[in-house]
$ cat structure-v4.txt   # compact mmCIF, C-alpha atoms
# COMPACT_ATOMS: atom_id res chain seq x y z
CA MET P 16 0.00 0.00 0.00
CA ASN P 17 1.20 3.44 -0.91
CA VAL P 18 1.13 5.04 2.55
CA THR P 19 3.28 7.51 4.44
CA ASN P 20 3.03 9.85 7.41
CA ILE P 21 3.38 13.61 7.08
CA ASP P 22 6.36 13.51 9.46
CA ASP P 23 8.15 10.97 7.24
CA LEU P 24 7.88 13.08 4.08
CA ALA P 25 11.00 14.90 2.94
CA GLY P 26 10.90 18.55 3.98
CA ILE P 27 12.43 21.45 2.09
CA GLU P 28 12.73 24.70 4.03
CA LEU P 29 12.12 27.69 1.76
CA ALA P 30 13.37 31.25 2.08
CA ASP P 31 10.31 32.49 4.00
CA GLY P 32 10.95 29.85 6.63
CA PHE P 33 8.09 27.47 5.84
CA VAL P 34 8.74 23.79 5.13
CA TRP P 35 7.34 22.27 1.94
CA ARG P 36 6.55 18.55 2.12
CA PRO P 37 5.99 17.53 -1.47
CA VAL P 38 3.11 15.05 -1.31
CA ARG P 39 2.30 15.10 -5.02
CA ARG P 40 5.91 14.40 -5.97
CA HIS P 41 6.29 11.73 -3.29
CA PHE P 42 3.40 9.66 -4.63
CA GLY P 43 3.74 10.68 -8.28
CA ILE P 44 0.19 12.07 -8.32
CA LYS P 45 -0.69 13.50 -11.73
CA ALA P 46 -4.40 14.33 -11.41
CA PHE P 47 -4.35 17.13 -8.82
CA GLY P 48 -2.06 19.41 -6.84
CA VAL P 49 -1.57 18.48 -3.18
CA ASN P 50 1.13 19.28 -0.63
CA VAL P 51 1.71 19.50 3.10
CA TYR P 52 3.33 22.48 4.81
CA THR P 53 4.86 22.59 8.27
CA PRO P 54 6.47 25.55 10.04
CA GLY P 55 10.18 26.28 9.82
CA ALA P 56 12.25 28.60 11.97
CA SER P 57 10.09 31.66 11.21
CA ARG P 58 6.81 29.83 12.03
CA GLN P 59 5.50 30.77 8.59
CA ILE P 60 3.52 27.80 7.26
CA VAL P 61 1.86 29.18 4.12
CA GLU P 62 3.83 31.81 2.24
CA GLU P 63 2.07 35.06 1.47
CA HIS P 64 0.90 34.91 -2.13
CA THR P 65 -2.01 35.24 -4.51
CA GLU P 66 -3.02 32.76 -7.20
CA GLY P 67 -3.29 35.55 -9.79
CA GLN P 68 -0.98 33.78 -12.23
CA LEU P 69 -1.95 30.12 -11.89
CA GLU P 70 -5.60 30.89 -11.08
CA HIS P 71 -5.74 27.92 -8.73
CA GLU P 72 -8.65 27.71 -6.32
CA GLU P 73 -7.03 26.61 -3.07
CA ILE P 74 -8.07 24.74 0.05
CA TYR P 75 -5.89 24.76 3.17
CA LEU P 76 -6.90 22.10 5.69
CA VAL P 77 -5.31 22.08 9.15
CA LEU P 78 -4.27 18.48 9.83
CA ARG P 79 -2.67 19.21 13.18
CA GLY P 80 -1.97 22.06 15.60
CA ARG P 81 -3.20 25.63 15.23
CA VAL P 82 -2.61 28.07 12.40
CA LYS P 83 -3.42 31.76 12.01
CA PHE P 84 -4.41 32.45 8.41
CA THR P 85 -4.55 35.96 7.01
CA ILE P 86 -6.85 36.07 3.99
CA ASP P 87 -7.54 39.37 2.27
CA GLY P 88 -6.34 41.14 5.42
CA ASN P 89 -8.65 39.20 7.76
CA GLU P 90 -7.20 36.92 10.43
CA HIS P 91 -8.65 33.50 11.24
CA GLU P 92 -7.28 31.06 13.78
CA LEU P 93 -7.99 27.50 12.67
CA GLY P 94 -7.39 24.15 14.35
CA GLN P 95 -7.41 20.48 13.38
CA GLY P 96 -10.24 19.63 10.99
CA GLN P 97 -10.89 23.22 9.92
CA LEU P 98 -10.17 24.54 6.44
CA VAL P 99 -10.17 27.73 4.46
CA PHE P 100 -11.23 27.67 0.82
CA VAL P 101 -9.93 30.65 -1.16
CA ARG P 102 -12.07 30.84 -4.26
CA ASP P 103 -10.98 34.35 -5.32
CA THR P 104 -7.54 33.82 -6.85
CA SER P 105 -6.61 37.49 -6.43
CA LEU P 106 -6.84 37.42 -2.62
CA LYS P 107 -3.63 37.61 -0.66
CA ARG P 108 -3.27 34.60 1.64
CA ALA P 109 -0.70 33.53 4.24
CA GLY P 110 -0.48 31.34 7.34
CA VAL P 111 1.59 31.37 10.51
CA ALA P 112 1.81 28.35 12.81
CA LEU P 113 0.67 29.00 16.37
CA THR P 114 1.91 25.61 17.58
CA ASP P 115 5.11 23.75 16.68
CA ASP P 116 3.26 20.63 15.56
CA ALA P 117 1.09 22.47 12.98
CA ALA P 118 0.62 20.85 9.58
CA VAL P 119 -1.49 22.09 6.67
CA LEU P 120 -2.72 20.09 3.67
CA ALA P 121 -2.97 22.32 0.59
CA ILE P 122 -5.02 21.42 -2.48
CA GLY P 123 -5.21 23.51 -5.62
CA GLY P 124 -6.33 23.46 -9.21
CA LYS P 125 -7.94 25.56 -11.92
CA PRO P 126 -11.64 24.84 -12.51
CA GLY P 127 -12.46 23.39 -15.91
CA GLU P 128 -8.87 22.44 -16.70
CA ALA P 129 -6.90 19.22 -16.38
CA PHE P 130 -4.20 19.51 -13.71
CA GLU P 131 -0.66 20.32 -14.83
CA VAL P 132 2.30 20.16 -12.50
CA SER P 133 3.09 23.74 -11.43
CA ALA P 134 6.50 25.19 -12.29
CA TRP P 135 6.89 26.46 -8.71
CA GLU P 136 7.45 22.85 -7.63
CA THR P 137 10.69 23.04 -9.59
CA TRP P 138 11.81 26.30 -7.94
CA PHE P 139 10.89 24.90 -4.53
CA SER P 140 12.84 21.67 -5.07
CA ALA P 141 15.86 23.51 -6.44
CA ALA P 142 15.86 26.20 -3.72
CA PRO P 143 18.28 24.51 -1.28
CA LEU P 144 20.66 23.74 -4.17
CA VAL P 145 20.50 27.37 -5.35
CA GLU P 146 21.25 28.49 -1.80
CA ALA P 147 24.30 26.21 -1.78
CA LYS P 148 25.26 27.39 -5.30
CA LYS P 149 25.33 23.77 -6.51
CA TRP P 150 24.64 24.96 -10.04
CA ASP P 151 25.09 21.67 -11.91
CA GLU P 152 22.56 20.01 -9.62
CA VAL P 153 20.18 22.97 -9.97
CA ILE P 154 20.44 22.76 -13.75
CA ALA P 155 19.72 19.03 -13.61
CA VAL P 156 16.50 19.70 -11.65
CA TYR P 157 15.36 22.24 -14.26
CA ASN P 158 16.28 20.02 -17.18
CA GLU P 159 14.27 17.20 -15.66
CA ALA P 160 11.21 19.48 -15.41
CA LEU P 161 11.76 20.67 -18.98
CA THR P 162 11.76 17.15 -20.40
CA GLU P 163 8.08 17.02 -19.42
CA ARG P 164 7.28 20.62 -20.41
CA PRO P 165 9.90 21.75 -22.94
CA ASP P 166 8.19 25.04 -23.84
CA HIS P 167 7.43 26.36 -20.38
CA PRO P 168 8.63 29.99 -20.57
CA ALA P 169 9.21 30.51 -16.84
CA LEU P 170 11.14 27.23 -16.50
CA LEU P 171 13.35 28.25 -19.46
CA TYR P 172 13.87 31.75 -18.04
CA ASN P 173 14.85 30.41 -14.63
CA LEU P 174 17.12 27.77 -16.12
CA ALA P 175 18.87 30.58 -18.02
CA CYS P 176 19.31 32.47 -14.71
CA MET P 177 21.00 29.44 -13.18
CA GLU P 178 23.19 28.78 -16.24
CA ALA P 179 24.31 32.41 -16.33
CA GLN P 180 25.37 32.21 -12.69
CA ALA P 181 27.08 28.88 -13.31
CA GLY P 182 29.09 30.44 -16.16
CA TYR P 183 27.42 28.50 -19.01
CA ALA P 184 26.93 31.60 -21.18
CA ASP P 185 25.94 29.87 -24.42
CA ASP P 186 23.29 27.68 -22.73
CA ALA P 187 21.98 30.64 -20.74
CA LEU P 188 21.61 32.81 -23.86
CA ALA P 189 19.92 30.06 -25.85
CA HIS P 190 17.39 29.32 -23.10
CA LEU P 191 16.75 33.01 -22.42
CA GLN P 192 16.16 33.66 -26.13
CA ARG P 193 13.66 30.80 -26.25
CA ALA P 194 11.88 32.06 -23.10
CA VAL P 195 11.54 35.55 -24.64
CA GLU P 196 10.26 34.07 -27.91
CA LEU P 197 7.52 32.28 -25.96
CA GLN P 198 6.79 35.15 -23.59
CA PRO P 199 8.10 38.49 -24.89
CA ASP P 200 7.76 40.39 -21.60
CA PHE P 201 10.61 38.27 -20.22
CA ALA P 202 12.97 40.58 -22.19
CA GLU P 203 12.08 43.38 -19.81
CA SER P 204 12.48 41.15 -16.74
CA ALA P 205 15.87 39.98 -18.03
CA ALA P 206 17.12 43.54 -18.50
CA GLY P 207 16.67 44.22 -14.79
CA ASP P 208 17.69 40.78 -13.53
CA GLU P 209 21.06 40.68 -11.77
CA ASP P 210 21.32 36.93 -12.36
CA PHE P 211 22.20 37.78 -15.96
CA ALA P 212 25.10 40.16 -15.12
CA SER P 213 27.63 37.82 -16.74
CA ILE P 214 25.89 37.73 -20.14
CA LYS P 215 24.21 41.14 -20.34
CA ASP P 216 26.79 42.59 -22.73
CA ASP P 217 26.60 39.68 -25.15
CA PRO P 218 25.07 40.72 -28.51
CA ARG P 219 22.77 37.66 -28.28
CA PHE P 220 21.16 38.97 -25.07
CA PRO P 221 17.50 39.72 -25.92
CA ARG P 222 16.57 43.40 -25.86
CA MET L 25 -15.05 37.61 5.90
CA SER L 26 -15.29 38.53 2.25
CA ASP L 27 -17.11 36.75 -0.55
CA GLY L 28 -13.89 35.40 -1.99
CA TYR L 29 -13.19 32.79 0.67
CA GLU L 30 -14.88 30.52 3.15
CA ILE L 31 -13.97 28.82 6.43
CA LEU L 32 -15.33 25.35 7.09
CA THR L 33 -15.24 23.20 10.24
CA LEU L 34 -15.58 19.57 9.20
CA ASP L 35 -17.38 18.67 12.44
CA GLU L 36 -20.06 21.29 11.79
CA VAL L 37 -21.00 20.29 8.23
CA GLU L 38 -24.33 18.44 7.98
CA ARG L 39 -23.51 14.83 7.14
CA ALA L 40 -25.11 12.59 4.57
CA GLU L 41 -25.37 8.83 4.80
CA HIS L 42 -23.82 7.23 1.70
CA ARG L 43 -23.55 3.47 1.18
CA GLY L 44 -23.13 2.72 4.86
CA SER L 45 -20.71 5.58 5.56
CA ASN L 46 -21.07 9.14 6.89
CA LEU L 47 -20.12 11.65 4.22
CA ILE L 48 -19.04 15.17 5.15
CA PRO L 49 -19.94 16.73 1.81
CA VAL L 50 -17.08 19.21 1.47
CA ARG L 51 -17.17 19.61 -2.32
CA TYR L 52 -20.92 20.16 -2.35
CA THR L 53 -20.78 22.59 0.59
CA LEU L 54 -17.97 24.69 -0.90
CA ASP L 55 -18.93 24.16 -4.55
CA TYR L 56 -15.25 23.34 -5.13
CA ARG L 57 -14.64 22.77 -8.84
CA PRO L 58 -10.99 21.76 -9.54
CA ALA L 59 -11.07 18.32 -7.87
CA GLY L 60 -13.24 16.03 -5.81
CA VAL L 61 -12.78 16.87 -2.11
CA ASN L 62 -14.77 15.21 0.64
CA ALA L 63 -14.41 13.81 4.14
CA TRP L 64 -15.78 10.80 6.01
CA ILE L 65 -16.35 10.36 9.72
CA ALA L 66 -17.00 7.27 11.85
CA ASP L 67 -16.76 5.98 15.40
CA VAL L 68 -14.73 2.92 16.34
CA GLY L 69 -15.66 -0.08 14.19
CA GLY L 70 -17.68 2.05 11.79
CA GLN L 71 -17.14 2.11 8.04
CA LEU L 72 -15.32 5.25 6.91
CA ILE L 73 -14.89 4.72 3.17
CA PRO L 74 -17.53 2.76 1.25
CA PRO L 75 -15.75 -0.08 -0.60
CA HIS L 76 -15.17 0.98 -4.21
CA GLU L 77 -12.67 0.72 -7.05
CA GLU L 78 -12.79 4.20 -8.66
CA ASP L 79 -13.74 2.74 -12.01
CA SER L 80 -14.20 6.41 -12.99
CA GLY L 81 -10.40 6.52 -13.37
CA ASN L 82 -9.80 8.83 -10.41
CA GLU L 83 -6.53 8.92 -8.51
CA GLU L 84 -7.28 9.38 -4.82
CA LEU L 85 -5.31 10.66 -1.85
CA TYR L 86 -6.68 9.99 1.63
CA ALA L 87 -5.47 11.98 4.65
CA VAL L 88 -6.32 10.82 8.16
CA VAL L 89 -7.14 14.10 9.90
CA ARG L 90 -8.16 12.81 13.33
CA GLY L 91 -8.32 9.49 15.15
CA ARG L 92 -7.12 6.27 13.58
CA ALA L 93 -8.24 4.29 10.55
CA SER L 94 -7.64 0.82 9.22
CA PHE L 95 -7.24 0.97 5.43
CA VAL L 96 -7.69 -1.95 3.07
CA VAL L 97 -6.40 -1.59 -0.48
CA GLY L 98 -6.57 -4.76 -2.55
CA ASP L 99 -5.50 -7.58 -0.20
CA GLU L 100 -3.43 -5.36 2.07
CA THR L 101 -4.51 -3.86 5.41
CA LYS L 102 -2.64 -0.98 7.10
CA ASP L 103 -3.03 0.87 10.36
CA ALA L 104 -3.29 4.59 9.59
CA PRO L 105 -3.11 6.96 12.56
CA ALA L 106 -3.80 10.71 12.21
CA GLY L 107 -1.23 12.26 9.86
CA SER L 108 -1.21 9.24 7.53
CA LEU L 109 -1.49 9.84 3.78
CA ILE L 110 -2.66 6.98 1.56
CA PHE L 111 -2.48 7.22 -2.23
CA VAL L 112 -4.58 4.83 -4.31
CA GLU L 113 -4.54 4.69 -8.10
CA ALA L 114 -7.69 3.99 -10.07
CA GLY L 115 -8.96 0.43 -10.29
CA HIS L 116 -7.87 -0.85 -6.88
CA ASN L 117 -10.49 -1.87 -4.39
CA ARG L 118 -10.31 0.26 -1.26
CA THR L 119 -12.18 0.74 2.02
CA ALA L 120 -11.43 1.95 5.55
CA THR L 121 -12.90 1.56 9.01
CA ALA L 122 -12.45 3.72 12.11
CA GLU L 123 -10.26 2.44 14.95
CA GLU L 124 -11.14 5.39 17.23
CA ASP L 125 -14.27 7.42 17.82
CA GLY L 126 -14.62 10.55 15.71
CA THR L 127 -12.05 9.48 13.13
CA ILE L 128 -12.06 11.78 10.09
CA VAL L 129 -10.53 10.96 6.71
CA PHE L 130 -10.25 13.67 4.06
CA VAL L 131 -10.02 12.64 0.41
CA VAL L 132 -8.96 14.36 -2.82
CA GLY L 133 -9.62 12.79 -6.21
CA ALA L 134 -9.43 13.56 -9.92
CA THR L 135 -8.55 11.89 -13.23
CA ILE L 136 -5.17 12.36 -14.94
CA GLY L 137 -5.34 14.66 -17.96
CA GLU L 138 -9.00 15.54 -17.49
CA ALA L 139 -10.77 18.57 -16.10
CA PHE L 140 -12.56 17.44 -12.95
CA ASP L 141 -16.16 16.37 -13.33
CA GLY L 142 -17.48 14.56 -10.29
CA GLY L 143 -20.77 13.58 -11.89
CA GLY L 144 -22.66 14.75 -8.81
CA TRP L 145 -22.72 11.54 -6.72
CA ASP L 146 -22.04 13.59 -3.59
CA THR L 147 -24.78 16.09 -4.42
CA PHE L 148 -27.13 13.15 -4.76
CA ALA L 149 -25.96 11.80 -1.40
CA VAL L 150 -26.90 15.14 0.19
CA ALA L 151 -30.30 15.16 -1.54
CA TYR L 152 -30.92 11.53 -0.56
CA GLY L 153 -30.00 12.28 3.06
CA LEU L 154 -32.56 15.10 3.12
CA TYR L 155 -35.14 12.83 1.51
CA GLN L 156 -34.59 10.16 4.16
CA ALA L 157 -35.00 12.76 6.88
CA GLY L 158 -38.38 13.61 5.38
CA ARG L 159 -37.13 17.00 4.14
CA ILE L 160 -38.55 16.41 0.67
CA ASP L 161 -38.70 20.04 -0.46
CA GLU L 162 -35.08 20.69 0.55
CA SER L 163 -34.05 17.47 -1.17
CA ARG L 164 -35.78 18.53 -4.38
CA ALA L 165 -34.23 22.02 -4.17
CA VAL L 166 -30.71 20.49 -3.94
CA MET L 167 -31.31 18.41 -7.08
CA GLU L 168 -32.91 21.27 -9.00
CA LYS L 169 -30.02 23.61 -8.22
CA ALA L 170 -27.50 20.93 -9.30
CA MET L 171 -29.37 20.36 -12.55
CA SER L 172 -29.52 24.07 -13.37
CA ASP L 173 -25.74 24.29 -12.71
CA ARG L 174 -25.02 21.17 -14.79
CA PRO L 175 -27.73 20.77 -17.44
CA ASP L 176 -25.56 18.31 -19.41
CA GLN L 177 -25.19 15.78 -16.58
CA TRP L 178 -27.62 12.90 -17.11
CA ALA L 179 -27.02 11.30 -13.71
CA LEU L 180 -28.61 14.29 -11.97
CA PRO L 181 -32.09 14.05 -13.56
CA TYR L 182 -31.83 10.27 -13.28
CA ASN L 183 -31.17 10.53 -9.55
CA ALA L 184 -33.89 13.19 -9.23
CA ALA L 185 -36.24 10.64 -10.78
CA CYS L 186 -35.18 8.06 -8.17
CA LEU L 187 -35.88 10.50 -5.35
CA ALA L 188 -39.24 11.48 -6.81
CA SER L 189 -40.14 7.80 -7.18
CA LEU L 190 -39.15 7.08 -3.58
CA ALA L 191 -41.09 10.13 -2.40
CA GLY L 192 -44.20 8.83 -4.16
CA ASN L 193 -44.36 11.43 -6.94
CA PRO L 194 -44.69 9.31 -10.08
CA ASP L 195 -45.47 12.23 -12.43
CA GLU L 196 -42.32 14.04 -11.38
CA ALA L 197 -40.26 10.84 -11.59
CA ILE L 198 -41.40 10.13 -15.15
CA ASP L 199 -40.62 13.73 -16.19
CA TRP L 200 -37.08 13.46 -14.83
CA LEU L 201 -36.53 10.12 -16.57
CA HIS L 202 -37.52 11.70 -19.88
CA LYS L 203 -35.02 14.51 -19.19
CA ALA L 204 -32.26 12.00 -18.34
CA LEU L 205 -32.95 9.98 -21.49
CA GLU L 206 -32.62 13.13 -23.62
CA LEU L 207 -29.05 13.43 -22.29
CA ASN L 208 -28.04 9.78 -22.36
CA GLN L 209 -29.52 6.82 -24.18
CA GLU L 210 -26.93 4.13 -23.50
CA GLU L 211 -26.15 3.78 -19.82
CA ILE L 212 -29.56 4.65 -18.37
CA TYR L 213 -31.37 1.63 -19.76
CA GLU L 214 -29.11 -0.70 -17.77
CA TYR L 215 -30.07 1.11 -14.57
CA LEU L 216 -33.75 1.44 -15.46
CA ARG L 217 -34.27 -2.29 -15.61
CA SER L 218 -32.93 -3.10 -12.16
CA ASP L 219 -32.82 0.03 -9.96
CA SER L 220 -34.94 -0.64 -6.88
CA ASP L 221 -35.31 3.12 -6.30
CA LEU L 222 -37.70 3.05 -9.26
CA ASP L 223 -39.83 0.14 -8.00
CA ASN L 224 -42.66 2.52 -7.04
CA ILE L 225 -43.18 3.50 -10.67
CA ARG L 226 -42.17 0.24 -12.33
CA GLU L 227 -45.79 -0.78 -12.98
CA ASP L 228 -46.74 2.66 -14.32
CA PRO L 229 -47.60 2.33 -18.04
CA ARG L 230 -45.49 5.41 -18.77
CA PHE L 231 -42.45 3.66 -17.26
CA GLN L 232 -43.20 0.52 -19.30
CA GLU L 233 -43.35 2.77 -22.36
CA LEU L 234 -39.85 4.08 -21.59
CA LEU L 235 -38.41 0.57 -21.53
CA LYS L 236 -39.58 -0.19 -25.04
$ encode --input "structure-v4.txt" --output "structure tokens"
Amino acid sequence: MNVTNIDDLAGIELADGFVWRPVRRHFGIKAFGVNVYTPGASRQIVEEHTEGQLEHEEIYLVLRGRVKFTIDGNEHELGQGQLVFVRDTSLKRAGVALTDDAAVLAIGGKPGEAFEVSAWETWFSAAPLVEAKKWDEVIAVYNEALTERPDHPALLYNLACMEAQAGYADDALAHLQRAVELQPDFAESAAGDEDFASIKDDPRFPR
Amino acid sequence: MSDGYEILTLDEVERAEHRGSNLIPVRYTLDYRPAGVNAWIADVGGQLIPPHEEDSGNEELYAVVRGRASFVVGDETKDAPAGSLIFVEAGHNRTATAEEDGTIVFVVGATIGEAFDGGGWDTFAVAYGLYQAGRIDESRAVMEKAMSDRPDQWALPYNAACLASLAGNPDEAIDWLHKALELNQEEIYEYLRSDSDLDNIREDPRFQELLK
């Protein structure tokens, strides 16, 4: 039987101090987005964000402990067996653990569309490697994601960022060019992105 | 609170009996659209998850929120205390029973590569629960709302016909069966012949006419 406990799942602590426990990746689930979050050093448990880009309707269910959610500026303290459903994708949402044992199950998807693995799972999994500047390993994580979704503009853009920092100028320029072809406003982002300092003067750099 | 979000306490949601289990109809209550989300609650020894195979093709993830459950998938049985996550692919027989009072299992389900379409079984469970409690008007209102939201879904008018038949409203039942047959000709006939929910109208000449 394919069973695990939330405490036995791998945990990746992200910059905001929350710990991502990648449930979907662990089981290889392809039909819906699902993850568990636990608090890190900062007690953050759900990072502050909107779903403006992905347009995912989200449910956060408290599996354990107590969590203070802030949704659209309103605070709600929820305990085990309580959930918040954020239908409006533009609302700012965040959660802070009030107890050390807190755990939140997060479910998300876009109504009327088949689920696709979100690109943020790739940034989240690569984050500790980026922190440690293990560029070859970071690049491997991105390339793995791109084998499934070769024309994902944000994955290509971020891969280019990593390659530029790793000193792989030709790869970085090729991937950045492709990202800009697919999503032209990435040219503007690239112009102001310090990750590209090493390749900015190259004539191939998109402008 | 604003209109854009909702807080739900699983213990406070009105439950619906479904195939020997107690459904906490989360998807119906929230009108959640991207995936199937529901919860089940039982006391020690009680059935949590009705035995089923997900022949719909759904992948399912179960999360034990509170208490302790005993899960059976295929031939295997596992103890699943609170905090357990159990993933079951489509086509495997699965069920669970509670090992402690007040055990709650939350479940998420959807089909790979398809936009979620639950078919409304949980809405029907809510309507059927209201029917059994004698709240016939509320039961009918639940089905009518579901059908106006999903006019293409044949199972809804079919199930509305079952409820009307059980409630002793043959005219209404026959009308709903006509509606269901406009949407689906193939699958309904199999159900029509053997569904005991329709026994009250089986001898009605209009029902006999439908079977021809």
$ closest_residue --input "structure-v4.txt" --among "L:Tyr152, L:Phe130, L:Phe140, L:Trp145" --to "L:Ile48" --atoms "only C-alpha atoms"
L:Phe130
$ residues_around --input "structure-v4.txt" --residues "L:Met167" --least-positions-apart "5" --cutoff "9 Å" --atoms "only C-alpha atoms" --output "list in words"
Thr147, Phe148, Ala151, Glu162, Ser172, Leu180, Pro181, Asn183 and Ala184 of chain L
$ interface_residues --input "structure-v4.txt" --of "chain L" --to "chain P" --cutoff "6 Å" --atoms "all atoms listed in the file" --output "PyMOL selection string"
chain L and resi 28-34+57-58+89+107-111+134-139
$ closest_residue --input "structure-v4.txt" --among "L:Trp178, L:Phe95, L:Tyr52, L:Tyr213" --to "L:Thr119" --atoms "all atoms listed in the file"
L:Phe95
$ axis_aligned_box --input "structure-v4.txt" --around "stretch 53-56 of chain P" --padding-each-side "6 Å" --output "AutoDock Vina command-line options"
--center_x 8.6 --center_y 25.6 --center_z 10.1 --size_x 19.4 --size_y 18.0 --size_z 15.7
$ closest_residue --input "structure-v4.txt" --among "P:Pro37, P:Gly182, P:Pro218, P:Gly32" --to "P:Ala121" --atoms "only C-alpha atoms"
P:Pro37
$ atom_distance --input "structure-v4.txt" --atom1 "atom CA of P:Ala212" --atom2 "atom CA of P:Thr65"
29.5 Å
$ closest_residue --input "structure-v4.txt" --among "L:Glu196, L:Glu123, L:Asp79, L:Asp223" --to "L:Lys102" --atoms "only C-alpha atoms"
L:Glu123
$ atom_distance --input "structure-v4.txt" --atom1 "atom CA of L:Glu77" --atom2 "atom CA of L:Gly142"
15.0 Å
$ residues_around --input "structure-v4.txt" --residues "stretch 142-144 of chain P" --least-positions-apart "3" --cutoff "8 Å" --atoms "all atoms listed in the file" --output "list in words"
Ile27, Glu28, Leu29, Trp138, Phe139, Ala147, Lys148, Lys149, Trp150, Glu152 and Val153 of chain P
$ atom_distance --input "structure-v4.txt" --atom1 "atom CA of L:Gly158" --atom2 "atom CA of L:Leu190"
11.1 Å
$ residues_around --input "structure-v4.txt" --residues "stretch 60-65 of chain L" --least-positions-apart "3" --cutoff "6 Å" --atoms "only C-alpha atoms" --output "JSON, numbers by chain"
{"L": [46, 47, 48, 49, 50, 51, 72, 127, 128, 129, 130, 131, 132, 133]}
$ closest_residue --input "structure-v4.txt" --among "L:Arg164, L:His42, L:Lys203, L:Arg118" --to "L:Ala149" --atoms "only C-alpha atoms"
L:His42
$ closest_residue --input "structure-v4.txt" --among "L:Ala191, L:Ala122, L:Ala179, L:Ala197" --to "L:Ala157" --atoms "only C-alpha atoms"
L:Ala191
